[in-house]
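Participant: For reference, this is run.cif, and it has mmCIF, C-alpha atoms.
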```cif
data_protein
loop_
_atom_site.group_PDB
_atom_site.id
_atom_site.type_symbol
_atom_site.label_atom_id
_atom_site.label_comp_id
_atom_site.auth_asym_id
_atom_site.auth_seq_id
_atom_site.Cartn_x
_atom_site.Cartn_y
_atom_site.Cartn_z
ATOM 1 C CA MET A 1 3.077 3.641 27.463
ATOM 2 C CA PRO A 2 -0.304 5.215 26.550
ATOM 3 C CA SER A 3 -3.021 3.672 24.412
ATOM 4 C CA ASN A 4 -2.319 0.110 25.537
ATOM 5 C CA LYS A 5 -5.772 -0.984 24.404
ATOM 6 C CA LEU A 6 -5.042 0.312 20.921
ATOM 7 C CA ARG A 7 -1.732 -1.561 20.864
ATOM 8 C CA VAL A 8 -3.335 -4.827 21.965
ATOM 9 C CA GLY A 9 -6.188 -4.346 19.476
ATOM 10 C CA GLY A 10 -3.681 -3.520 16.746
ATOM 11 C CA SER A 11 -1.582 -6.594 17.509
ATOM 12 C CA ALA A 12 -4.682 -8.818 17.462
ATOM 13 C CA MET A 13 -5.766 -7.414 14.103
ATOM 14 C CA ALA A 14 -2.275 -7.788 12.632
ATOM 15 C CA VAL A 15 -2.064 -11.431 13.793
ATOM 16 C CA LEU A 16 -5.518 -12.145 12.319
ATOM 17 C CA GLY A 17 -4.413 -10.442 9.114
ATOM 18 C CA VAL A 18 -1.253 -12.567 8.874
ATOM 19 C CA LEU A 19 -3.273 -15.751 9.532
ATOM 20 C CA GLY A 20 -5.738 -14.678 6.841
ATOM 21 C CA ILE A 21 -2.877 -14.073 4.409
ATOM 22 C CA LEU A 22 -1.499 -17.573 5.120
ATOM 23 C CA VAL A 23 -4.948 -18.983 4.263
ATOM 24 C CA LEU A 24 -4.965 -16.736 1.187
ATOM 25 C CA HIS A 25 -1.634 -18.217 0.044
ATOM 26 C CA TRP A 26 -3.011 -21.727 0.380
ATOM 27 C CA MET A 27 -6.115 -20.733 -1.599
ATOM 28 C CA VAL A 28 -4.098 -18.959 -4.305
ATOM 29 C CA PHE A 29 -1.584 -21.741 -4.879
ATOM 30 C CA PHE A 30 -3.612 -24.892 -4.155
ATOM 31 C CA TRP A 31 -7.335 -24.187 -4.354
ATOM 32 C CA THR A 32 -8.542 -21.430 -6.652
ATOM 33 C CA PRO A 33 -8.927 -22.293 -10.363
ATOM 34 C CA THR A 34 -6.453 -20.993 -12.938
ATOM 35 C CA GLU A 35 -7.788 -18.207 -15.140
ATOM 36 C CA ALA A 36 -8.345 -19.468 -18.695
ATOM 37 C CA SER A 37 -6.712 -16.754 -20.849
ATOM 38 C CA MET A 38 -3.848 -15.453 -18.674
ATOM 39 C CA GLY A 39 -2.993 -18.638 -16.819
ATOM 40 C CA ILE A 40 -0.898 -18.740 -13.659
ATOM 41 C CA ILE A 41 0.211 -15.083 -13.853
ATOM 42 C CA GLN A 42 -3.367 -13.982 -13.041
ATOM 43 C CA ARG A 43 -2.713 -15.186 -9.471
ATOM 44 C CA ILE A 44 -0.895 -11.892 -8.858
ATOM 45 C CA PHE A 45 -4.454 -10.451 -8.889
ATOM 46 C CA TYR A 46 -5.028 -11.754 -5.333
ATOM 47 C CA ILE A 47 -2.334 -9.492 -3.846
ATOM 48 C CA HIS A 48 -2.460 -6.707 -6.426
ATOM 49 C CA VAL A 49 -6.144 -5.842 -5.914
ATOM 50 C CA PRO A 50 -6.163 -6.076 -2.066
ATOM 51 C CA SER A 51 -3.022 -3.895 -1.983
ATOM 52 C CA ALA A 52 -4.731 -1.314 -4.209
ATOM 53 C CA TRP A 53 -7.836 -1.407 -1.993
ATOM 54 C CA VAL A 54 -5.764 -0.928 1.177
ATOM 55 C CA ALA A 55 -3.807 1.924 -0.444
ATOM 56 C CA PHE A 56 -7.055 3.703 -1.375
ATOM 57 C CA PHE A 57 -8.514 3.033 2.086
ATOM 58 C CA ALA A 58 -5.370 4.405 3.734
ATOM 59 C CA PHE A 59 -5.366 7.546 1.611
ATOM 60 C CA GLY A 60 -9.082 7.948 2.376
ATOM 61 C CA ILE A 61 -8.136 8.002 6.078
ATOM 62 C CA VAL A 62 -5.372 10.528 5.305
ATOM 63 C CA ALA A 63 -7.819 12.850 3.535
ATOM 64 C CA LEU A 64 -10.561 12.501 6.148
ATOM 65 C CA CYS A 65 -8.232 12.971 9.138
ATOM 66 C CA GLY A 66 -6.434 15.793 7.320
ATOM 67 C CA ALA A 67 -9.694 17.641 6.647
ATOM 68 C CA VAL A 68 -10.900 17.275 10.252
ATOM 69 C CA TYR A 69 -7.409 18.233 11.520
ATOM 70 C CA LEU A 70 -7.563 21.470 9.516
ATOM 71 C CA TRP A 71 -10.965 22.142 11.050
ATOM 72 C CA LEU A 72 -10.390 21.123 14.697
ATOM 73 C CA GLY A 73 -6.595 21.237 14.988
ATOM 74 C CA ASP A 74 -6.521 18.032 17.059
ATOM 75 C CA GLU A 75 -2.963 16.587 17.021
ATOM 76 C CA ARG A 76 -4.267 13.010 17.185
ATOM 77 C CA LEU A 77 -5.894 13.408 13.769
ATOM 78 C CA ASP A 78 -2.588 14.486 12.279
ATOM 79 C CA HIS A 79 -0.897 11.434 13.853
ATOM 80 C CA ALA A 80 -3.597 9.190 12.376
ATOM 81 C CA ALA A 81 -3.236 10.802 8.932
ATOM 82 C CA ALA A 82 0.570 10.446 8.912
ATOM 83 C CA SER A 83 0.345 6.822 10.110
ATOM 84 C CA ALA A 84 -2.190 5.957 7.400
ATOM 85 C CA ALA A 85 -0.096 7.733 4.748
ATOM 86 C CA GLU A 86 2.912 5.574 5.667
ATOM 87 C CA GLY A 87 0.871 2.393 5.179
ATOM 88 C CA GLY A 88 -0.670 3.799 2.012
ATOM 89 C CA MET A 89 2.791 4.384 0.569
ATOM 90 C CA VAL A 90 3.821 0.794 1.351
ATOM 91 C CA PHE A 91 0.736 -0.700 -0.303
ATOM 92 C CA THR A 92 0.879 1.647 -3.319
ATOM 93 C CA THR A 93 4.490 0.545 -3.806
ATOM 94 C CA ILE A 94 3.283 -3.087 -3.751
ATOM 95 C CA VAL A 95 0.685 -2.216 -6.418
ATOM 96 C CA LEU A 96 3.333 -0.489 -8.548
ATOM 97 C CA LEU A 97 5.714 -3.457 -8.281
ATOM 98 C CA THR A 98 3.263 -6.362 -8.691
ATOM 99 C CA GLY A 99 1.337 -4.727 -11.563
ATOM 100 C CA PRO A 100 4.322 -4.495 -13.931
ATOM 101 C CA LEU A 101 5.268 -8.131 -13.210
ATOM 102 C CA TRP A 102 1.752 -9.176 -14.204
ATOM 103 C CA GLY A 103 1.769 -6.799 -17.179
ATOM 104 C CA ARG A 104 5.053 -8.210 -18.514
ATOM 105 C CA ILE A 105 3.415 -11.569 -19.151
ATOM 106 C CA ALA A 106 -0.149 -10.409 -19.897
ATOM 107 C CA TRP A 107 0.629 -7.352 -22.068
ATOM 108 C CA GLY A 108 4.234 -8.010 -23.070
ATOM 109 C CA THR A 109 5.536 -4.934 -21.267
ATOM 110 C CA TYR A 110 6.318 -3.969 -17.683
ATOM 111 C CA TRP A 111 5.032 -0.451 -18.012
ATOM 112 C CA THR A 112 2.908 1.618 -20.322
ATOM 113 C CA TRP A 113 1.830 5.217 -19.780
ATOM 114 C CA GLU A 114 -1.854 4.396 -19.872
ATOM 115 C CA PRO A 115 -4.267 6.342 -17.600
ATOM 116 C CA ARG A 116 -4.680 3.974 -14.641
ATOM 117 C CA LEU A 117 -0.985 3.186 -14.301
ATOM 118 C CA THR A 118 0.024 6.816 -14.726
ATOM 119 C CA LEU A 119 -2.543 8.032 -12.172
ATOM 120 C CA THR A 120 -1.416 5.357 -9.686
ATOM 121 C CA LEU A 121 2.194 6.471 -10.082
ATOM 122 C CA LEU A 122 0.989 10.057 -9.614
ATOM 123 C CA LEU A 123 -0.741 9.009 -6.377
ATOM 124 C CA TRP A 124 2.564 7.531 -5.156
ATOM 125 C CA PHE A 125 4.359 10.798 -5.913
ATOM 126 C CA ILE A 126 1.613 12.882 -4.256
ATOM 127 C CA TYR A 127 2.081 10.964 -1.018
ATOM 128 C CA LEU A 128 5.838 11.143 -1.334
ATOM 129 C CA GLY A 129 5.196 14.896 -1.460
ATOM 130 C CA TYR A 130 3.030 14.536 1.654
ATOM 131 C CA PHE A 131 6.078 13.385 3.653
ATOM 132 C CA LEU A 132 8.475 15.809 2.007
ATOM 133 C CA VAL A 133 6.195 18.751 2.880
ATOM 134 C CA ARG A 134 5.955 17.557 6.500
ATOM 135 C CA SER A 135 9.677 17.312 6.970
ATOM 136 C CA SER A 136 10.830 20.306 4.949
ATOM 137 C CA THR A 137 9.097 23.184 6.742
ATOM 138 C CA GLU A 138 10.776 25.098 9.578
ATOM 139 C CA ASN A 139 7.537 25.291 11.539
ATOM 140 C CA PRO A 140 6.184 21.760 12.266
ATOM 141 C CA GLU A 141 2.616 23.041 12.686
ATOM 142 C CA ARG A 142 2.706 24.610 9.253
ATOM 143 C CA GLY A 143 4.152 21.385 7.819
ATOM 144 C CA LYS A 144 1.256 19.447 9.294
ATOM 145 C CA ARG A 145 -1.289 21.831 7.788
ATOM 146 C CA PHE A 146 0.387 21.782 4.355
ATOM 147 C CA SER A 147 0.582 17.999 4.375
ATOM 148 C CA ALA A 148 -3.108 17.784 5.326
ATOM 149 C CA VAL A 149 -3.916 19.835 2.206
ATOM 150 C CA VAL A 150 -1.678 17.578 0.066
ATOM 151 C CA GLY A 151 -3.478 14.538 1.540
ATOM 152 C CA ILE A 152 -6.909 15.954 0.666
ATOM 153 C CA VAL A 153 -5.872 16.908 -2.878
ATOM 154 C CA GLY A 154 -4.138 13.533 -3.319
ATOM 155 C CA ALA A 155 -7.297 11.641 -2.425
ATOM 156 C CA LEU A 156 -9.041 13.245 -5.422
ATOM 157 C CA ASP A 157 -6.803 11.023 -7.559
ATOM 158 C CA ILE A 158 -8.447 7.864 -6.159
ATOM 159 C CA PRO A 159 -11.827 8.114 -7.951
ATOM 160 C CA LEU A 160 -9.928 9.116 -11.098
ATOM 161 C CA ILE A 161 -7.852 5.922 -10.861
ATOM 162 C CA HIS A 162 -11.018 3.849 -10.449
ATOM 163 C CA LEU A 163 -12.937 5.507 -13.291
ATOM 164 C CA SER A 164 -10.012 5.947 -15.710
ATOM 165 C CA VAL A 165 -10.478 2.455 -17.198
ATOM 166 C CA LEU A 166 -14.104 3.327 -17.997
ATOM 167 C CA TRP A 167 -13.462 6.848 -19.309
ATOM 168 C CA PHE A 168 -10.383 6.202 -21.448
ATOM 169 C CA ARG A 169 -9.254 3.474 -23.817
ATOM 170 C CA SER A 170 -6.950 1.457 -21.613
ATOM 171 C CA LEU A 171 -4.834 -1.677 -21.517
ATOM 172 C CA HIS A 172 -5.805 -2.214 -17.895
ATOM 173 C CA PRO A 173 -8.836 -4.501 -17.456
ATOM 174 C CA THR A 174 -12.151 -2.959 -16.409
ATOM 175 C CA PRO A 175 -13.481 -3.850 -12.908
ATOM 176 C CA VAL A 176 -14.675 -7.442 -12.493
ATOM 177 C CA VAL A 177 -16.168 -7.060 -9.005
ATOM 178 C CA VAL A 178 -17.479 -3.506 -8.509
ATOM 179 C CA LYS A 179 -19.846 -3.155 -11.481
ATOM 180 C CA PRO A 180 -23.585 -2.445 -11.832
ATOM 181 C CA GLU A 181 -24.506 -5.950 -13.036
ATOM 182 C CA GLY A 182 -22.574 -7.623 -10.183
ATOM 183 C CA PRO A 183 -19.243 -9.490 -10.088
ATOM 184 C CA THR A 184 -18.298 -11.536 -13.141
ATOM 185 C CA LEU A 185 -15.565 -13.505 -11.364
ATOM 186 C CA HIS A 186 -15.756 -17.270 -10.814
ATOM 187 C CA PRO A 187 -17.220 -17.800 -7.279
ATOM 188 C CA ASP A 188 -14.014 -19.508 -6.041
ATOM 189 C CA MET A 189 -11.896 -16.632 -7.355
ATOM 190 C CA LEU A 190 -14.285 -14.163 -5.725
ATOM 191 C CA LEU A 191 -13.983 -15.962 -2.380
ATOM 192 C CA THR A 192 -10.171 -15.946 -2.652
ATOM 193 C CA LEU A 193 -10.244 -12.239 -3.444
ATOM 194 C CA ALA A 194 -12.571 -11.609 -0.473
ATOM 195 C CA VAL A 195 -10.139 -13.448 1.852
ATOM 196 C CA GLY A 196 -7.334 -11.290 0.436
ATOM 197 C CA LEU A 197 -9.281 -8.057 0.897
ATOM 198 C CA ILE A 198 -10.244 -8.860 4.503
ATOM 199 C CA SER A 199 -6.744 -10.105 5.457
ATOM 200 C CA PHE A 200 -4.913 -7.157 3.928
ATOM 201 C CA THR A 201 -7.344 -4.716 5.574
ATOM 202 C CA LEU A 202 -6.864 -6.370 8.986
ATOM 203 C CA LEU A 203 -3.085 -6.375 8.604
ATOM 204 C CA PHE A 204 -3.081 -2.731 7.562
ATOM 205 C CA LEU A 205 -5.381 -1.681 10.420
ATOM 206 C CA GLY A 206 -3.257 -3.650 12.898
ATOM 207 C CA VAL A 207 0.038 -2.044 11.887
ATOM 208 C CA PHE A 208 -1.666 1.341 11.424
ATOM 209 C CA LEU A 209 -2.885 1.264 15.051
ATOM 210 C CA GLN A 210 0.633 0.392 16.250
ATOM 211 C CA ARG A 211 2.059 3.221 14.156
ATOM 212 C CA TYR A 212 -0.581 5.632 15.466
ATOM 213 C CA THR A 213 0.206 4.637 19.071
ATOM 214 C CA LEU A 214 3.877 5.217 18.328
ATOM 215 C CA ALA A 215 3.176 8.701 16.928
ATOM 216 C CA VAL A 216 1.025 9.679 19.932
ATOM 217 C CA ALA A 217 3.562 8.310 22.433
ATOM 218 C CA THR A 218 6.482 10.037 20.667
ATOM 219 C CA HIS A 219 4.578 13.320 20.790
ATOM 220 C CA LEU A 220 3.778 12.880 24.500
ATOM 221 C CA ALA A 221 7.396 11.952 25.285
ATOM 222 C CA ALA A 222 8.637 15.080 23.482
ATOM 223 C CA VAL A 223 6.146 17.268 25.390
ATOM 224 C CA ARG A 224 7.189 15.671 28.724
ATOM 225 C CA GLU A 225 10.890 16.180 27.941
ATOM 226 C CA ARG A 226 10.260 19.834 27.041
ATOM 227 C CA GLU A 227 8.369 20.354 30.299
ATOM 228 C CA ALA A 228 11.131 18.676 32.322
ATOM 229 C CA ARG A 229 13.751 20.943 30.749
ATOM 230 C CA SER A 230 11.814 24.195 31.409
ATOM 231 C CA MET B 1 12.666 12.700 10.976
ATOM 232 C CA PRO B 2 13.971 9.079 10.984
ATOM 233 C CA SER B 3 10.607 7.527 9.994
ATOM 234 C CA CYS B 4 10.442 9.825 6.994
ATOM 235 C CA LYS B 5 13.969 8.957 5.932
ATOM 236 C CA ARG B 6 13.221 5.265 6.159
ATOM 237 C CA LEU B 7 10.062 5.679 4.103
ATOM 238 C CA LEU B 8 11.916 7.714 1.505
ATOM 239 C CA ARG B 9 14.558 5.005 1.305
ATOM 240 C CA LEU B 10 11.793 2.451 0.763
ATOM 241 C CA GLY B 11 10.179 4.615 -1.890
ATOM 242 C CA LEU B 12 13.443 5.132 -3.733
ATOM 243 C CA LEU B 13 14.000 1.383 -3.737
ATOM 244 C CA GLY B 14 10.620 0.968 -5.438
ATOM 245 C CA LEU B 15 11.498 3.618 -7.998
ATOM 246 C CA VAL B 16 14.826 1.956 -8.748
ATOM 247 C CA ALA B 17 12.986 -1.330 -9.343
ATOM 248 C CA LEU B 18 10.642 0.429 -11.765
ATOM 249 C CA ALA B 19 13.487 2.266 -13.470
ATOM 250 C CA VAL B 20 15.306 -1.046 -14.005
ATOM 251 C CA ALA B 21 12.158 -2.707 -15.287
ATOM 252 C CA VAL B 22 11.094 -0.138 -17.893
ATOM 253 C CA PRO B 23 14.221 -0.096 -20.102
ATOM 254 C CA THR B 24 14.440 -3.890 -19.929
ATOM 255 C CA ALA B 25 10.894 -4.077 -21.214
ATOM 256 C CA ALA B 26 11.715 -1.770 -24.080
ATOM 257 C CA GLN B 27 14.759 -3.791 -25.091
ATOM 258 C CA GLU B 28 13.189 -7.205 -24.960
ATOM 259 C CA ALA B 29 10.813 -8.504 -27.599
ATOM 260 C CA ALA B 30 7.151 -8.606 -26.615
ATOM 261 C CA MET B 31 6.112 -11.937 -25.200
ATOM 262 C CA PRO B 32 2.816 -13.243 -26.629
ATOM 263 C CA VAL B 33 0.136 -14.399 -24.239
ATOM 264 C CA THR B 34 -0.107 -18.154 -24.530
ATOM 265 C CA GLY B 35 -2.673 -20.720 -23.468
ATOM 266 C CA LEU B 36 -2.164 -22.936 -20.439
ATOM 267 C CA SER B 37 -0.601 -25.714 -22.501
ATOM 268 C CA GLY B 38 2.078 -23.453 -23.948
ATOM 269 C CA GLN B 39 3.209 -21.760 -20.731
ATOM 270 C CA SER B 40 6.823 -21.637 -19.666
ATOM 271 C CA LEU B 41 8.141 -21.432 -16.100
ATOM 272 C CA ARG B 42 8.571 -17.669 -16.425
ATOM 273 C CA PRO B 43 5.070 -16.731 -15.204
ATOM 274 C CA TYR B 44 5.700 -18.826 -12.061
ATOM 275 C CA GLN B 45 8.891 -16.888 -11.347
ATOM 276 C CA PHE B 46 7.010 -13.622 -11.772
ATOM 277 C CA VAL B 47 4.190 -14.754 -9.465
ATOM 278 C CA PHE B 48 6.652 -15.800 -6.746
ATOM 279 C CA LEU B 49 8.635 -12.576 -7.205
ATOM 280 C CA ALA B 50 5.435 -10.503 -6.854
ATOM 281 C CA TYR B 51 4.445 -12.306 -3.640
ATOM 282 C CA ALA B 52 7.990 -12.072 -2.262
ATOM 283 C CA LEU B 53 8.171 -8.318 -2.956
ATOM 284 C CA ALA B 54 4.797 -7.760 -1.287
ATOM 285 C CA TRP B 55 5.903 -9.710 1.789
ATOM 286 C CA LEU B 56 9.242 -7.900 1.937
ATOM 287 C CA LEU B 57 7.615 -4.471 1.841
ATOM 288 C CA VAL B 58 4.973 -5.314 4.459
ATOM 289 C CA LEU B 59 7.603 -6.975 6.658
ATOM 290 C CA GLY B 60 9.843 -3.919 6.264
ATOM 291 C CA TRP B 61 7.025 -1.665 7.453
ATOM 292 C CA VAL B 62 6.172 -3.931 10.407
ATOM 293 C CA VAL B 63 9.841 -4.180 11.469
ATOM 294 C CA ALA B 64 10.325 -0.408 11.106
ATOM 295 C CA VAL B 65 7.303 0.315 13.333
ATOM 296 C CA ALA B 66 8.341 -2.348 15.883
ATOM 297 C CA ARG B 67 11.895 -0.968 16.095
ATOM 298 C CA ARG B 68 10.672 2.581 16.587
ATOM 299 C CA LEU B 69 8.253 1.407 19.302
ATOM 300 C CA ALA B 70 11.065 -0.445 21.085
ATOM 301 C CA ARG B 71 13.341 2.618 20.835
ATOM 302 C CA LEU B 72 10.598 4.825 22.289
ATOM 303 C CA GLU B 73 9.976 2.409 25.154
ATOM 304 C CA ARG B 74 13.692 2.501 26.019
ATOM 305 C CA ARG B 75 13.591 6.316 25.857
ATOM 306 C CA LEU B 76 10.572 6.454 28.176
ATOM 307 C CA GLU B 77 12.204 4.073 30.665
ATOM 308 C CA ARG B 78 15.260 6.346 30.999
#
```
Kindly present the structure from the file in structure tokens form.
Facilitator:
Amino acid sequence: MPSNKLRVGGSAMAVLGVLGILVLHWMVFFWTPTEASMGIIQRIFYIHVPSAWVAFFAFGIVALCGAVYLWLGDERLDHAAASAAEGGMVFTTIVLLTGPLWGRIAWGTYWTWEPRLTLTLLLWFIYLGYFLVRSSTENPERGKRFSAVVGIVGALDIPLIHLSVLWFRSLHPTPVVVKPEGPTLHPDMLLTLAVGLISFTLLFLGVFLQRYTLAVATHLAAVREREARS
Amino acid sequence: MPSCKRLLRLGLLGLVALAVAVPTAAQEAAMPVTGLSGQSLRPYQFVFLAYALAWLLVLGWVVAVARRLARLERRLER
């Protein structure tokens, strides 16, 4: 099996990520203070925000690898983009499921068609399109190129999602960490969020590396089988 | 492509959850935000549900990748 170093590195990162998430759970349920206005439901924040960050990070990888793939045509970049897109879909789905649960208590509704929520749902559909385009073309090479373009266009939605709460009147809260005057979160909440961000990123990178190794190995196996047949 | 199918299945599951949630929200009366003293057990259920869903999805992805890796290893051994 090729890329054994990547697999071992990926496994180590995933294990560290899981350990970090266990610490995060302890912090969320036993250590961090309860937010004054929303109460216990605000604790969804500590998985909602890291999931959103990982989703954006993953789709950033998709766009970057897609752009370089279109330029250089290196198969490995396409494998990396597809692997990141898979993880991005998983974490965007987490964002879209945990957000409404929080919103039901905080806003009184699961869903509202306000800009940030709508753009996040759009991002989910764009990346669903990414996979549909890949699998629906007769020529796999063309599918890869089309999906790279979808990945690049889809990533343009990410800054819009971030800025939408500042540009439009929105139910969704404005950023409490990334702002010019610095974070306005309680230091303990900020530390809990930081543990969540690091753990989720490690877990994503770990599974992403495994998924990338799988894609490369599957490709090599297919090439070897083709060569053996001819 | 089996990985694609699995991902689509996962995505559809998410959509179904959203589709179930939206009409329920419209039918139910809006719940006012209360202070800590006036909270019911409902927010706790929602918090646990959110964490459980997140774990399920991540676990699903990890298991899917692990199974595909194992299948490929068997294929390479043959």
Participant: Between A:Thr118, A:Gln210, A:Thr32, A:Asn4, single out the one closest to Thr192 (chain A), counting only C-alpha atoms.
Facilitator: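 Among the listed residues, the smallest separation from Thr192 (chain A) belongs to A:Thr32.
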Participant: For CA of Ala52 (chain B) and CA of Tyr110 (chain A), quote the distance in Å rounded to one decimal.
Facilitator: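 CA of Tyr110 (chain A) lies at a distance of 17.5 Å from CA of Ala52 (chain B).
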Participant: I need the output of the PyMOL selection byres ((chain A) within 8 of (chain B)) for this file as an mmCIF file with C-alpha atoms, in the frame of the given file; which residues are they?
Facilitator:
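And here is the file that came out, out16.cif:
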```cif
data_model
loop_
_atom_site.group_PDB
_atom_site.id
_atom_site.type_symbol
_atom_site.label_atom_id
_atom_site.label_comp_id
_atom_site.auth_asym_id
_atom_site.auth_seq_id
_atom_site.Cartn_x
_atom_site.Cartn_y
_atom_site.Cartn_z
ATOM 1 C CA MET A 1 3.077 3.641 27.463
ATOM 2 C CA ALA A 36 -8.345 -19.468 -18.695
ATOM 3 C CA SER A 37 -6.712 -16.754 -20.849
ATOM 4 C CA MET A 38 -3.848 -15.453 -18.674
ATOM 5 C CA GLY A 39 -2.993 -18.638 -16.819
ATOM 6 C CA ILE A 40 -0.898 -18.740 -13.659
ATOM 7 C CA ILE A 41 0.211 -15.083 -13.853
ATOM 8 C CA ARG A 43 -2.713 -15.186 -9.471
ATOM 9 C CA ILE A 44 -0.895 -11.892 -8.858
ATOM 10 C CA ILE A 47 -2.334 -9.492 -3.846
ATOM 11 C CA GLU A 86 2.912 5.574 5.667
ATOM 12 C CA GLY A 87 0.871 2.393 5.179
ATOM 13 C CA MET A 89 2.791 4.384 0.569
ATOM 14 C CA VAL A 90 3.821 0.794 1.351
ATOM 15 C CA PHE A 91 0.736 -0.700 -0.303
ATOM 16 C CA THR A 93 4.490 0.545 -3.806
ATOM 17 C CA ILE A 94 3.283 -3.087 -3.751
ATOM 18 C CA LEU A 97 5.714 -3.457 -8.281
ATOM 19 C CA THR A 98 3.263 -6.362 -8.691
ATOM 20 C CA LEU A 101 5.268 -8.131 -13.210
ATOM 21 C CA TRP A 102 1.752 -9.176 -14.204
ATOM 22 C CA ARG A 104 5.053 -8.210 -18.514
ATOM 23 C CA ILE A 105 3.415 -11.569 -19.151
ATOM 24 C CA ALA A 106 -0.149 -10.409 -19.897
ATOM 25 C CA TRP A 107 0.629 -7.352 -22.068
ATOM 26 C CA GLY A 108 4.234 -8.010 -23.070
ATOM 27 C CA THR A 109 5.536 -4.934 -21.267
ATOM 28 C CA TYR A 110 6.318 -3.969 -17.683
ATOM 29 C CA TRP A 111 5.032 -0.451 -18.012
ATOM 30 C CA LEU A 128 5.838 11.143 -1.334
ATOM 31 C CA PHE A 131 6.078 13.385 3.653
ATOM 32 C CA SER A 135 9.677 17.312 6.970
ATOM 33 C CA VAL A 207 0.038 -2.044 11.887
ATOM 34 C CA GLN A 210 0.633 0.392 16.250
ATOM 35 C CA ARG A 211 2.059 3.221 14.156
ATOM 36 C CA LEU A 214 3.877 5.217 18.328
ATOM 37 C CA ALA A 217 3.562 8.310 22.433
ATOM 38 C CA THR A 218 6.482 10.037 20.667
ATOM 39 C CA ALA A 221 7.396 11.952 25.285
#
```
Participant: Near region 19-24 of chain A, counting all atoms listed in the file, which residues have an atom at most 7 Å away, once you skip same-chain residues fewer than 4 positions from it, shown as number ranges by chain?
Facilitator: A: 15, 28, 192, 195-196, 199
Participant: Write to file, as an mmCIF file, keeping the file's coordinate frame, the residues of the selection just made, with C-alpha atoms.
Facilitator:
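again-v9.cif was written with the following content:
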```cif
data_model
loop_
_atom_site.group_PDB
_atom_site.id
_atom_site.type_symbol
_atom_site.label_atom_id
_atom_site.label_comp_id
_atom_site.auth_asym_id
_atom_site.auth_seq_id
_atom_site.Cartn_x
_atom_site.Cartn_y
_atom_site.Cartn_z
ATOM 1 C CA VAL A 15 -2.064 -11.431 13.793
ATOM 2 C CA VAL A 28 -4.098 -18.959 -4.305
ATOM 3 C CA THR A 192 -10.171 -15.946 -2.652
ATOM 4 C CA VAL A 195 -10.139 -13.448 1.852
ATOM 5 C CA GLY A 196 -7.334 -11.290 0.436
ATOM 6 C CA SER A 199 -6.744 -10.105 5.457
#
```
Participant: Record the distance separating CA of Phe200 (chain A) and CA of Val18 (chain A), expressed in Å with one decimal.
Facilitator: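 Pair CA of Phe200 (chain A) / CA of Val18 (chain A) returns 8.2 Å.
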Participant: For each of A:Leu203, A:Leu156, A:Leu190, A:Leu163, take the minimum atom-to-atom distance to Gly60 (chain A), counting all atoms listed in the file, then give the residue where this is smallest.
Facilitator: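 Using all atoms listed in the file, Gly60 (chain A) sits closest to A:Leu156.
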Participant: Quick one: distance from CA of Arg224 (chain A) to CA of Glu138 (chain A) in Å, one decimal?
Facilitator: 21.6 Å
Participant: Near Ala81 (chain A), within 10 Å and counting all atoms listed in the file, which residues show up once chain neighbours fewer than 6 positions away are dropped, as a list in words?
Facilitator: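 That gives Ala58, Phe59, Gly60, Ile61, Val62, Ala63, Leu64, Cys65, Gly66, Ala67, Tyr69, Glu75, Lys144, Ser147, Ala148, Gly151, Phe208 and Tyr212 of chain A.
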